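A.B. asks: Quick one: the structure is below, and I'll ask about it shortly.
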Amino acid sequence: MLTITRKLEFDAGHRIPDHKSQCRNLHGHRYTLEITLTGGVVAADGASDNGMIMDFSDVKTLAKQALVDVWDHAFLVYEKDEAVRAFLDSLPDHKTVVLPLVPTVENLARIAFDILKATYTDNFGTGLTLHKIKLYETPNCWAEVVHG
């Protein structure tokens with residue numbers, strides 16, 4: 001299987017409301033997102049992406065539109081975290097993303113995978129598929145979701 005991977009970074013805040021230690025406090029991370037795609041190589045003489053699964057700049061553009069620009073410099077808050085939601089709502093023009101799950105790195109990776117899976121559909125007729133998402137919360141801690 002041939003794959004390509006594009007790495008992007010973004011900053012976001014969150015909290016884990018019921019966590020037993022410091023993660024229950026408001027804090028932020030420099031997240032690193034790795035997007036791995038698989039598919040056939042484009043074989044179209046004269047095409048810009050000839051010889052590629054997908055142009056890396058297109059991988060980046062699509063990821064930024066669908067996810068990275070939405071989450072970057074936002075506070076990712078669990079929909080049932082009422083106290084923090086009320087506080088964030090009181091801030092004028094605050095960038096808040098309300099999520100259906102507690103924003104652990106595991107849940108964020110699953111949500112990111114679902115969002116990006118629809119983004120990287122096969123528009124080339126080459127079987128382009130989102131194969132894997134790896135989301136680093138810190139350089140030493142991450143979650144990954146693999147298509148399967």
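So you can find residues: chains in the structure tokens are A, B, ... in the order shown, residues in each start at 1, and ligands are numbered from 1 in order.
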When you look at A:Phe75 with a cut-off of 6 Å (counting only C-alpha atoms), what residues show up, excluding the ones that are within fewer than 5 positions of it in the same chain? I need them as a list in words.
C.D. replies: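 Contacts, with the query itself left out: Ala12, Gly13, His14 and Thr96 of chain A.
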A.B. asks: Emit the selected residues as a tab-separated table (two decimals), in the first residue's frame, including N, CA and C atoms.
C.D. replies:
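The new file selection19.tsv reads:
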```
chain	number	residue	atom	x	y	z
A	12	ALA	N	-4.98	25.23	20.31
A	12	ALA	CA	-6.36	25.25	20.80
A	12	ALA	C	-6.37	25.04	22.31
A	13	GLY	N	-7.40	25.55	22.94
A	13	GLY	CA	-7.61	25.35	24.36
A	13	GLY	C	-8.70	24.31	24.59
A	14	HIS	N	-8.68	23.73	25.77
A	14	HIS	CA	-9.73	22.79	26.16
A	14	HIS	C	-9.63	22.53	27.65
A	96	THR	N	-15.15	29.72	19.74
A	96	THR	CA	-15.48	28.54	20.53
A	96	THR	C	-16.02	27.46	19.60
```
A.B. asks: Would you please extract all strand (DSSP E or B) residues from chain A, as assigned by DSSP on the backbone, and give them as a ChimeraX atom specification?
C.D. replies: /A:3-14,27-38,74-78,96-99,129-138,141-146
A.B. asks: Find the residues near A:Thr5: any atom within 9 Å, counting only C-alpha atoms, skip ones fewer than 5 places away on the same chain, and give them as a PyMOL selection string.
C.D. replies: chain A and resi 34-37+56+59+132
A.B. asks: By how many Å are atom CA of A:Glu144 and atom CA of A:Asp58 apart?
C.D. replies: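 A separation of 21.9 Å between them.
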A.B. asks: Show which residues sit within 8 Å of A:Lys117, as a ChimeraX atom specification. Count only C-alpha atoms, and ignore same-chain residues fewer than 3 positions away.
C.D. replies: /A:113-114,120-121,129-130
A.B. asks: For the selection just defined, write its residues with N, CA, C and O atoms to a file, as a PDB file, in the first residue's frame.
C.D. replies:
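Result saved to out_17.pdb:
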```
ATOM      1  N   PHE A 113     -11.120  12.676  12.315  1.00  0.00           N
ATOM      2  CA  PHE A 113     -11.178  11.644  11.277  1.00  0.00           C
ATOM      3  C   PHE A 113     -12.509  11.709  10.530  1.00  0.00           C
ATOM      4  O   PHE A 113     -12.541  11.674   9.300  1.00  0.00           O
ATOM      5  N   ASP A 114     -13.604  11.812  11.281  1.00  0.00           N
ATOM      6  CA  ASP A 114     -14.925  11.853  10.643  1.00  0.00           C
ATOM      7  C   ASP A 114     -15.075  13.078   9.743  1.00  0.00           C
ATOM      8  O   ASP A 114     -15.644  12.987   8.658  1.00  0.00           O
ATOM      9  N   TYR A 120     -11.724  14.093   2.003  1.00  0.00           N
ATOM     10  CA  TYR A 120     -10.831  13.429   1.043  1.00  0.00           C
ATOM     11  C   TYR A 120     -11.544  12.277   0.356  1.00  0.00           C
ATOM     12  O   TYR A 120     -11.105  11.143   0.393  1.00  0.00           O
ATOM     13  N   THR A 121     -12.644  12.585  -0.278  1.00  0.00           N
ATOM     14  CA  THR A 121     -13.342  11.568  -1.052  1.00  0.00           C
ATOM     15  C   THR A 121     -12.658  11.422  -2.397  1.00  0.00           C
ATOM     16  O   THR A 121     -11.894  12.291  -2.820  1.00  0.00           O
ATOM     17  N   THR A 129      -8.430   7.716  -0.380  1.00  0.00           N
ATOM     18  CA  THR A 129      -9.096   7.420   0.885  1.00  0.00           C
ATOM     19  C   THR A 129      -8.271   7.974   2.037  1.00  0.00           C
ATOM     20  O   THR A 129      -7.041   7.897   2.019  1.00  0.00           O
ATOM     21  N   LEU A 130      -8.964   8.505   3.047  1.00  0.00           N
ATOM     22  CA  LEU A 130      -8.291   8.867   4.286  1.00  0.00           C
ATOM     23  C   LEU A 130      -7.948   7.574   5.007  1.00  0.00           C
ATOM     24  O   LEU A 130      -8.838   6.807   5.382  1.00  0.00           O
TER      25      LEU A 130
END
```
A.B. asks: With DSSP run on the backbone, what are the alpha helix (DSSP H) residues within chain A? I'd like them as a PyMOL selection string.
C.D. replies: chain A and resi 56-63+69-71+82-89+105-119
A.B. asks: Work out how far atom CA of A:Val97 is from atom CA of A:Ala74, in Å to one decimal.
C.D. replies: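 The value is 6.5 Å.
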A.B. asks: For A:Cys23, find every residue with an atom within 12 Å (counting only C-alpha atoms), except residues of its own chain fewer than 4 positions away, and show them as a list in words.
C.D. replies: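 Returned residues: Gly13, His14, Arg15, Ile16, Pro17, Asp18, His19, His27, Gly28, His29, Val102, Pro103, Thr104 and Val105 of chain A.
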A.B. asks: Between atom CA of A:Arg85 and atom CA of A:Ala66, measure the distance and give it in Å to one decimal.
C.D. replies: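 A separation of 23.0 Å between them.
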A.B. asks: Let me make sure I understand: among A:Ala112, A:Ala118, A:Val41, A:Leu76, which one has the smallest atom-to-atom distance to A:Ile4 if we use only C-alpha atoms?
C.D. replies: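 Going through A:Ala112, A:Ala118, A:Val41, A:Leu76 one by one, the smallest distance to A:Ile4 is for A:Val41.
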A.B. asks: Of the candidates A:Ala83, A:Met52, A:Leu108, A:Ile115, which shows the shortest atom-to-atom distance to A:Tyr31, using only C-alpha atoms?
C.D. replies: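 The shortest atom-to-atom distance to A:Tyr31 comes from A:Leu108.
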A.B. asks: Pick out the closest residue to A:Ala109 from this set: A:Thr3, A:Glu137, A:Ser90, A:Lys60. Count only C-alpha atoms.
C.D. replies: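 Result for the nearest residue to A:Ala109: A:Glu137.
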A.B. asks: Pick the closest to A:Val77 from A:Ile111, A:Ala43, A:Met54, A:Leu26: which is it, counting only C-alpha atoms?
C.D. replies: A:Leu26
A.B. asks: Under the rule that only C-alpha atoms are counted, which of A:Leu135, A:Ile53, A:Asp81, A:Val42 is the nearest residue to A:Arg110?
C.D. replies: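 So, comparing all the options, the nearest one is A:Leu135.
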A.B. asks: When you count only C-alpha atoms, which of these residues is closest to A:Leu128: A:Leu8, A:Gly39, A:Gln22, A:Met1?
C.D. replies: A:Gly39
